[in-house]
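The file entry_30.tsv comes next; it holds TSV, C-alpha atoms.
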```tsv
chain	number	residue	atom	x	y	z
A	130	MET	CA	139.47	-14.80	-192.30
A	131	HIS	CA	140.51	-17.99	-194.06
A	132	ASP	CA	143.92	-19.27	-193.00
A	133	SER	CA	144.47	-20.66	-196.49
A	134	LEU	CA	144.17	-17.17	-197.96
A	135	GLU	CA	147.22	-15.97	-196.04
A	136	VAL	CA	149.48	-17.66	-198.59
A	137	LEU	CA	147.99	-15.46	-201.28
A	138	HIS	CA	149.93	-12.53	-199.91
A	139	LYS	CA	153.27	-14.35	-200.17
A	140	SER	CA	154.95	-14.49	-203.55
A	141	PRO	CA	157.81	-16.97	-203.99
A	142	GLN	CA	159.95	-14.01	-205.08
A	143	PRO	CA	159.32	-10.39	-206.07
A	144	LEU	CA	157.92	-10.08	-209.56
A	145	ARG	CA	159.82	-8.04	-212.12
A	146	LEU	CA	158.16	-6.26	-214.99
A	147	VAL	CA	160.02	-6.71	-218.26
A	148	VAL	CA	157.79	-4.66	-220.56
A	149	ALA	CA	154.16	-3.59	-220.84
A	150	GLY	CA	152.14	-1.61	-223.31
A	151	PRO	CA	149.03	-1.30	-225.48
A	152	TYR	CA	148.79	-2.98	-228.89
A	153	THR	CA	146.38	-2.63	-231.78
A	154	ALA	CA	146.37	-4.48	-235.10
A	155	PRO	CA	144.17	-4.79	-238.19
A	156	ALA	CA	142.57	-8.02	-239.34
A	157	GLY	CA	145.08	-10.38	-240.86
A	158	ARG	CA	148.13	-9.13	-238.95
A	159	ASN	CA	149.11	-12.38	-237.23
A	160	PHE	CA	151.76	-13.28	-234.71
A	161	LEU	CA	153.19	-16.60	-235.89
A	162	PRO	CA	154.21	-19.24	-233.33
A	163	HIS	CA	156.85	-17.91	-230.93
A	164	LYS	CA	157.85	-18.08	-227.27
A	165	HIS	CA	159.35	-15.90	-224.54
A	166	ALA	CA	161.76	-16.51	-221.69
A	167	VAL	CA	159.27	-14.89	-219.28
A	168	TRP	CA	155.53	-14.94	-218.64
A	169	GLU	CA	153.40	-13.06	-221.16
A	170	LEU	CA	150.02	-11.81	-219.95
A	171	VAL	CA	147.66	-10.44	-222.58
A	172	TYR	CA	144.39	-8.68	-221.77
A	173	TYR	CA	142.15	-8.50	-224.86
A	174	ARG	CA	140.21	-5.24	-225.06
A	175	SER	CA	138.43	-5.60	-228.40
A	176	GLY	CA	138.18	-7.80	-231.47
A	177	HIS	CA	138.19	-11.53	-232.08
A	178	ILE	CA	141.32	-13.58	-232.63
A	179	GLN	CA	142.40	-17.20	-232.31
A	180	CYS	CA	145.11	-17.87	-229.74
A	181	PRO	CA	146.88	-21.26	-229.81
A	182	VAL	CA	148.88	-21.73	-226.58
A	183	GLY	CA	150.70	-25.02	-226.31
A	184	ASP	CA	148.11	-27.74	-226.94
A	185	GLU	CA	145.15	-25.43	-226.25
A	186	VAL	CA	143.36	-23.02	-228.58
A	187	TYR	CA	141.48	-20.02	-227.19
A	188	GLU	CA	139.04	-17.73	-228.98
A	189	SER	CA	139.50	-14.23	-227.63
A	190	GLN	CA	136.72	-11.89	-226.59
A	191	PRO	CA	136.84	-8.52	-224.83
A	192	GLY	CA	137.77	-9.02	-221.20
A	193	MET	CA	139.68	-12.27	-221.72
A	194	PHE	CA	143.03	-12.41	-219.89
A	195	LEU	CA	145.40	-14.99	-221.37
A	196	LEU	CA	148.55	-16.05	-219.49
A	197	THR	CA	151.38	-17.88	-221.27
A	198	PRO	CA	154.18	-19.43	-219.17
A	199	PRO	CA	157.84	-19.05	-220.11
A	200	GLU	CA	159.07	-21.08	-223.07
A	201	MET	CA	155.56	-22.09	-224.16
A	202	VAL	CA	154.88	-21.68	-227.87
A	203	HIS	CA	151.89	-19.47	-228.68
A	204	ALA	CA	150.49	-17.44	-231.57
A	205	GLU	CA	147.75	-14.96	-232.51
A	206	TYR	CA	145.64	-15.15	-235.67
A	207	ALA	CA	143.62	-11.99	-236.22
A	208	TRP	CA	140.21	-12.68	-237.77
A	209	THR	CA	139.26	-9.07	-237.03
A	210	ALA	CA	141.03	-5.92	-235.95
A	211	TYR	CA	141.83	-6.13	-232.25
A	212	SER	CA	143.48	-4.39	-229.34
A	213	ASN	CA	145.06	-5.60	-226.13
A	214	TYR	CA	147.42	-4.85	-223.28
A	215	TYR	CA	150.52	-7.03	-223.13
A	216	ILE	CA	152.56	-7.46	-219.96
A	217	GLN	CA	155.73	-9.53	-219.73
A	218	ILE	CA	156.74	-10.52	-216.21
A	219	ASP	CA	159.77	-12.36	-214.87
A	220	ALA	CA	158.18	-14.82	-212.44
A	221	PRO	CA	158.69	-18.50	-211.57
A	222	PRO	CA	157.43	-20.83	-214.32
A	223	ASP	CA	155.37	-22.75	-211.73
A	224	SER	CA	153.57	-19.65	-210.40
A	225	PRO	CA	150.06	-20.76	-209.35
A	226	TRP	CA	148.25	-18.70	-211.95
A	227	PRO	CA	145.40	-19.77	-214.25
A	228	ARG	CA	145.95	-19.92	-217.99
A	229	VAL	CA	142.85	-17.94	-218.95
A	230	ILE	CA	140.41	-15.68	-217.06
A	231	GLN	CA	137.28	-13.89	-218.14
A	232	ASP	CA	137.21	-10.56	-216.34
A	233	ASP	CA	134.47	-9.78	-213.82
A	234	ALA	CA	131.76	-7.13	-214.02
A	235	ASP	CA	134.02	-4.61	-212.25
A	236	GLN	CA	136.79	-5.22	-214.82
A	237	SER	CA	139.25	-5.88	-212.01
A	238	PHE	CA	141.95	-7.25	-214.28
A	239	GLY	CA	141.34	-4.72	-217.05
A	240	ARG	CA	141.71	-1.78	-214.70
A	241	LEU	CA	144.84	-3.26	-213.12
A	242	CYS	CA	146.43	-3.89	-216.53
A	243	THR	CA	145.62	-0.29	-217.51
A	244	ALA	CA	147.33	0.97	-214.35
A	245	ILE	CA	150.43	-1.16	-214.99
A	246	VAL	CA	150.73	0.01	-218.59
A	247	ARG	CA	150.29	3.66	-217.62
A	248	GLU	CA	152.84	3.39	-214.82
A	249	GLN	CA	155.32	1.69	-217.13
A	250	ASN	CA	155.13	4.55	-219.63
A	251	ALA	CA	154.99	7.44	-217.17
A	252	VAL	CA	157.71	9.54	-215.55
A	253	ARG	CA	156.63	9.85	-211.94
A	254	THR	CA	158.12	9.93	-208.45
A	255	ASN	CA	158.23	6.62	-206.58
A	256	ARG	CA	157.51	4.81	-209.84
A	257	GLU	CA	159.33	1.63	-208.80
A	258	SER	CA	157.42	1.38	-205.53
A	259	MET	CA	154.10	1.90	-207.29
A	260	MET	CA	154.94	-0.73	-209.91
A	261	ALA	CA	155.92	-3.21	-207.20
A	262	ALA	CA	152.57	-2.62	-205.48
A	263	LEU	CA	150.65	-3.10	-208.74
A	264	LEU	CA	152.49	-6.33	-209.54
A	265	THR	CA	151.85	-7.63	-206.03
A	266	GLN	CA	148.15	-6.89	-206.45
A	267	LEU	CA	148.14	-8.68	-209.80
A	268	ASP	CA	149.88	-11.70	-208.28
A	269	ILE	CA	147.32	-11.88	-205.46
A	270	LEU	CA	144.35	-11.65	-207.83
A	271	LEU	CA	145.81	-14.33	-210.10
A	272	ARG	CA	146.48	-16.66	-207.16
A	273	ARG	CA	142.96	-16.15	-205.86
A	274	SER	CA	141.53	-16.90	-209.27
A	275	HIS	CA	143.61	-20.08	-209.49
A	276	GLU	CA	142.61	-21.15	-206.00
A	277	GLN	CA	138.93	-20.65	-206.71
A	278	ARG	CA	139.16	-23.03	-209.65
A	279	GLN	CA	140.53	-25.73	-207.33
A	280	LEU	CA	137.81	-25.34	-204.70
A	281	PRO	CA	134.60	-27.37	-204.47
A	282	ALA	CA	131.64	-25.51	-205.94
A	283	GLY	CA	130.04	-24.81	-202.55
A	284	GLU	CA	133.20	-23.34	-201.02
A	285	ASN	CA	133.81	-21.25	-204.11
A	286	LEU	CA	130.26	-19.89	-203.93
A	287	VAL	CA	130.51	-19.02	-200.23
A	288	ARG	CA	133.86	-17.26	-200.63
A	289	ARG	CA	132.53	-15.25	-203.55
A	290	VAL	CA	129.53	-14.10	-201.53
A	291	GLU	CA	131.71	-13.35	-198.51
A	292	ARG	CA	133.77	-10.96	-200.64
A	293	ILE	CA	130.60	-9.29	-201.93
A	294	LEU	CA	129.31	-8.80	-198.38
A	295	GLU	CA	132.67	-7.49	-197.19
A	296	GLU	CA	132.68	-4.94	-200.02
A	297	ARG	CA	129.05	-3.81	-199.66
A	298	TYR	CA	128.42	-4.13	-195.92
A	299	ASN	CA	127.61	-0.41	-195.61
A	300	SER	CA	124.86	-0.45	-198.25
A	301	SER	CA	121.33	-1.87	-198.36
A	302	VAL	CA	122.21	-5.50	-199.02
A	303	THR	CA	119.59	-8.19	-199.62
A	304	ILE	CA	120.45	-11.86	-199.84
A	305	ALA	CA	117.89	-12.31	-202.60
A	306	ALA	CA	119.72	-9.78	-204.78
A	307	ILE	CA	123.12	-11.34	-204.11
A	308	ALA	CA	121.77	-14.83	-204.79
A	309	GLN	CA	120.48	-13.60	-208.14
A	310	GLU	CA	123.87	-12.03	-208.89
A	311	VAL	CA	125.71	-15.32	-208.31
A	312	ASN	CA	123.01	-17.33	-210.14
A	313	VAL	CA	121.70	-19.46	-207.27
A	314	SER	CA	118.50	-19.47	-205.26
A	315	PRO	CA	118.41	-17.76	-201.84
A	316	SER	CA	117.61	-21.10	-200.21
A	317	HIS	CA	120.64	-22.77	-201.83
A	318	LEU	CA	122.90	-19.90	-200.81
A	319	ARG	CA	121.67	-20.08	-197.23
A	320	ALA	CA	122.11	-23.85	-197.11
A	321	GLN	CA	125.71	-23.63	-198.33
A	322	PHE	CA	126.56	-20.96	-195.74
A	323	VAL	CA	125.04	-22.98	-192.91
A	324	ARG	CA	126.84	-26.13	-194.05
A	325	LEU	CA	130.26	-24.54	-194.51
A	326	ARG	CA	130.25	-21.59	-192.09
A	327	ARG	CA	127.56	-22.62	-189.56
A	328	CYS	CA	125.82	-19.27	-190.03
A	329	THR	CA	123.48	-17.66	-192.54
A	330	PRO	CA	124.63	-15.03	-195.06
A	331	MET	CA	122.79	-12.34	-193.11
A	332	GLU	CA	124.49	-13.41	-189.87
A	333	TYR	CA	127.83	-13.19	-191.65
A	334	LEU	CA	126.94	-9.70	-192.87
A	335	GLN	CA	126.20	-8.61	-189.30
A	336	VAL	CA	129.58	-9.93	-188.16
A	337	VAL	CA	131.31	-7.87	-190.87
A	338	ARG	CA	129.36	-4.77	-189.88
A	339	VAL	CA	129.99	-5.21	-186.18
A	340	ARG	CA	133.69	-5.92	-186.74
A	341	THR	CA	133.98	-2.68	-188.72
A	342	ALA	CA	131.99	-0.72	-186.14
A	343	VAL	CA	134.16	-1.98	-183.26
A	344	ALA	CA	137.32	-1.01	-185.13
A	345	MET	CA	135.92	2.50	-185.65
A	346	LEU	CA	134.83	2.75	-182.01
A	347	GLN	CA	138.33	1.92	-180.85
A	348	SER	CA	140.25	4.03	-183.35
A	349	THR	CA	138.10	7.15	-183.88
A	350	SER	CA	136.02	9.62	-181.90
A	351	LEU	CA	133.10	9.56	-184.32
A	352	THR	CA	129.62	9.53	-182.82
A	353	LEU	CA	127.59	6.33	-182.71
A	354	GLU	CA	125.20	7.83	-185.27
A	355	LEU	CA	127.98	8.41	-187.77
A	356	ILE	CA	129.49	4.98	-187.21
A	357	ALA	CA	126.06	3.39	-187.55
A	358	GLY	CA	125.48	5.08	-190.89
A	359	PHE	CA	128.92	4.12	-192.16
A	360	CYS	CA	128.39	0.48	-191.22
A	361	GLY	CA	124.96	0.12	-192.81
A	362	TYR	CA	122.76	0.51	-189.73
A	363	ASP	CA	119.65	2.68	-189.60
A	364	SER	CA	120.40	4.22	-186.20
A	365	ALA	CA	122.76	4.23	-183.22
A	366	SER	CA	120.32	2.04	-181.27
A	367	HIS	CA	120.27	-0.48	-184.12
A	368	LEU	CA	124.07	-0.55	-184.04
A	369	SER	CA	124.14	-0.92	-180.28
A	370	ARG	CA	121.79	-3.93	-180.31
A	371	HIS	CA	123.95	-5.80	-182.80
A	372	VAL	CA	127.23	-4.90	-181.07
A	373	LYS	CA	125.88	-6.09	-177.72
A	374	ARG	CA	124.55	-9.34	-179.23
A	375	VAL	CA	127.79	-10.20	-181.05
A	376	MET	CA	130.39	-8.82	-178.64
A	377	GLY	CA	128.58	-9.13	-175.32
A	378	LYS	CA	129.39	-5.50	-174.52
A	379	THR	CA	127.86	-2.12	-175.31
A	380	PRO	CA	129.58	0.26	-177.74
A	381	GLY	CA	130.44	2.52	-174.82
A	382	ALA	CA	132.24	-0.27	-172.98
A	383	LEU	CA	134.19	-1.21	-176.09
A	384	ARG	CA	135.18	2.40	-176.70
A	385	GLY	CA	136.30	2.95	-173.14
```
Show the structure stored in the file as structure tokens.
Amino acid sequence: MHDSLEVLHKSPQPLRLVVAGPYTAPAGRNFLPHKHAVWELVYYRSGHIQCPVGDEVYESQPGMFLLTPPEMVHAEYAWTAYSNYYIQIDAPPDSPWPRVIQDDADQSFGRLCTAIVREQNAVRTNRESMMAALLTQLDILLRRSHEQRQLPAGENLVRRVERILEERYNSSVTIAAIAQEVNVSPSHLRAQFVRLRRCTPMEYLQVVRVRTAVAMLQSTSLTLELIAGFCGYDSASHLSRHVKRVMGKTPGALRG
């Protein structure tokens, strides 16, 4: 949808996993200042430790994802017992990744780190292909997170809500509930959409639903009732009205 997002799917070079695994330690077991020749990504699962990285000092909390570039001195001082996942990746030093991320409510980074660690330590068919796919997904999420931090607040808000709508288009979505989730008022959310996208959030939702419905009409033989239900519409007639308004054609004409 956004031309600028196309670059997110292009890595400068394939990433290579060096090592990954889980780690647990009691309070007082510190890692003194050290550095690596590759990126080290650490996802903190529990506990509280102090993490100096270069000139910055981070206080860990569960869900924090800390990324240290190659050759950067860093350390860990364990005030409590703690656990993490560590992942070392051979990637360009200037990869457009953030230095620290707090995971989202869906634990997107935590789940991905878990999958990488499990795949690293498993004996499975097509393991290399699966690992390449997981690393590509990680690269994309990191690039998106970095890009979001560079965007103006309004654009960042709109893109975040667009992703929510694209993920939940087939459920009972209310703009009031989404506005509450992203900590803005419905009127502010609507104003930002109109200013940046020249449509309201609800109009954008209908475009997503219609786009999905048209794809299903053209690629499946499902009935209009089934497609309507899958796309979040109450009935086939409800679907037909929106398809005709957005596309200028009836579902039958599009299917033909």
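Ranking A:Gly157, A:Gly283, A:Pro191, A:Pro143 by their shortest atom-to-atom distance to Pro221 in chain A, with all atoms listed in the file included, puts A:Pro143 first.
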Open item on the list: At a cut-off of 12 Å, using only C-alpha atoms, what residues contact Ala262 in chain A? Leave out same-chain residues fewer than 5 positions from it and give the result as a ChimeraX atom specification.
Closed with: /A:138,143-146,241,244-245,248,255-257,267-269
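The spacing separating CA of Val246 in chain A from CA of Pro227 in chain A amounts to 20.9 Å.
Distance annotation: of A:Ile293, A:Ala234, A:Val372, A:Met259, the residue with the minimal separation from Arg247 in chain A is A:Met259; atom set is only C-alpha atoms.
Within 12 Å of the point (129.6, -21.5, -207.2), counting all atoms listed in the file, the protein and nucleic acid residues come to Gln277, Arg278, Gln279, Leu280, Pro281, Ala282, Gly283, Glu284, Asn285, Leu286, Val287, Arg288, Arg289, Val290, Ala308, Glu310, Val311, Asn312, Val313, Ser314, His317, Leu318, Gln321 and Phe322 of chain A.
In terms of minimum interatomic distance to Ile230 in chain A, A:Val171 ranks closest within A:Ala306, A:Val171, A:Cys360, A:Val252, counting all atoms listed in the file.
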Open item on the list: Taking all atoms listed in the file into account, name the residue in A:Met201, A:Leu294, A:Met193, A:Ala149 that is nearest to Val167 in chain A.
Closed with: A:Met201
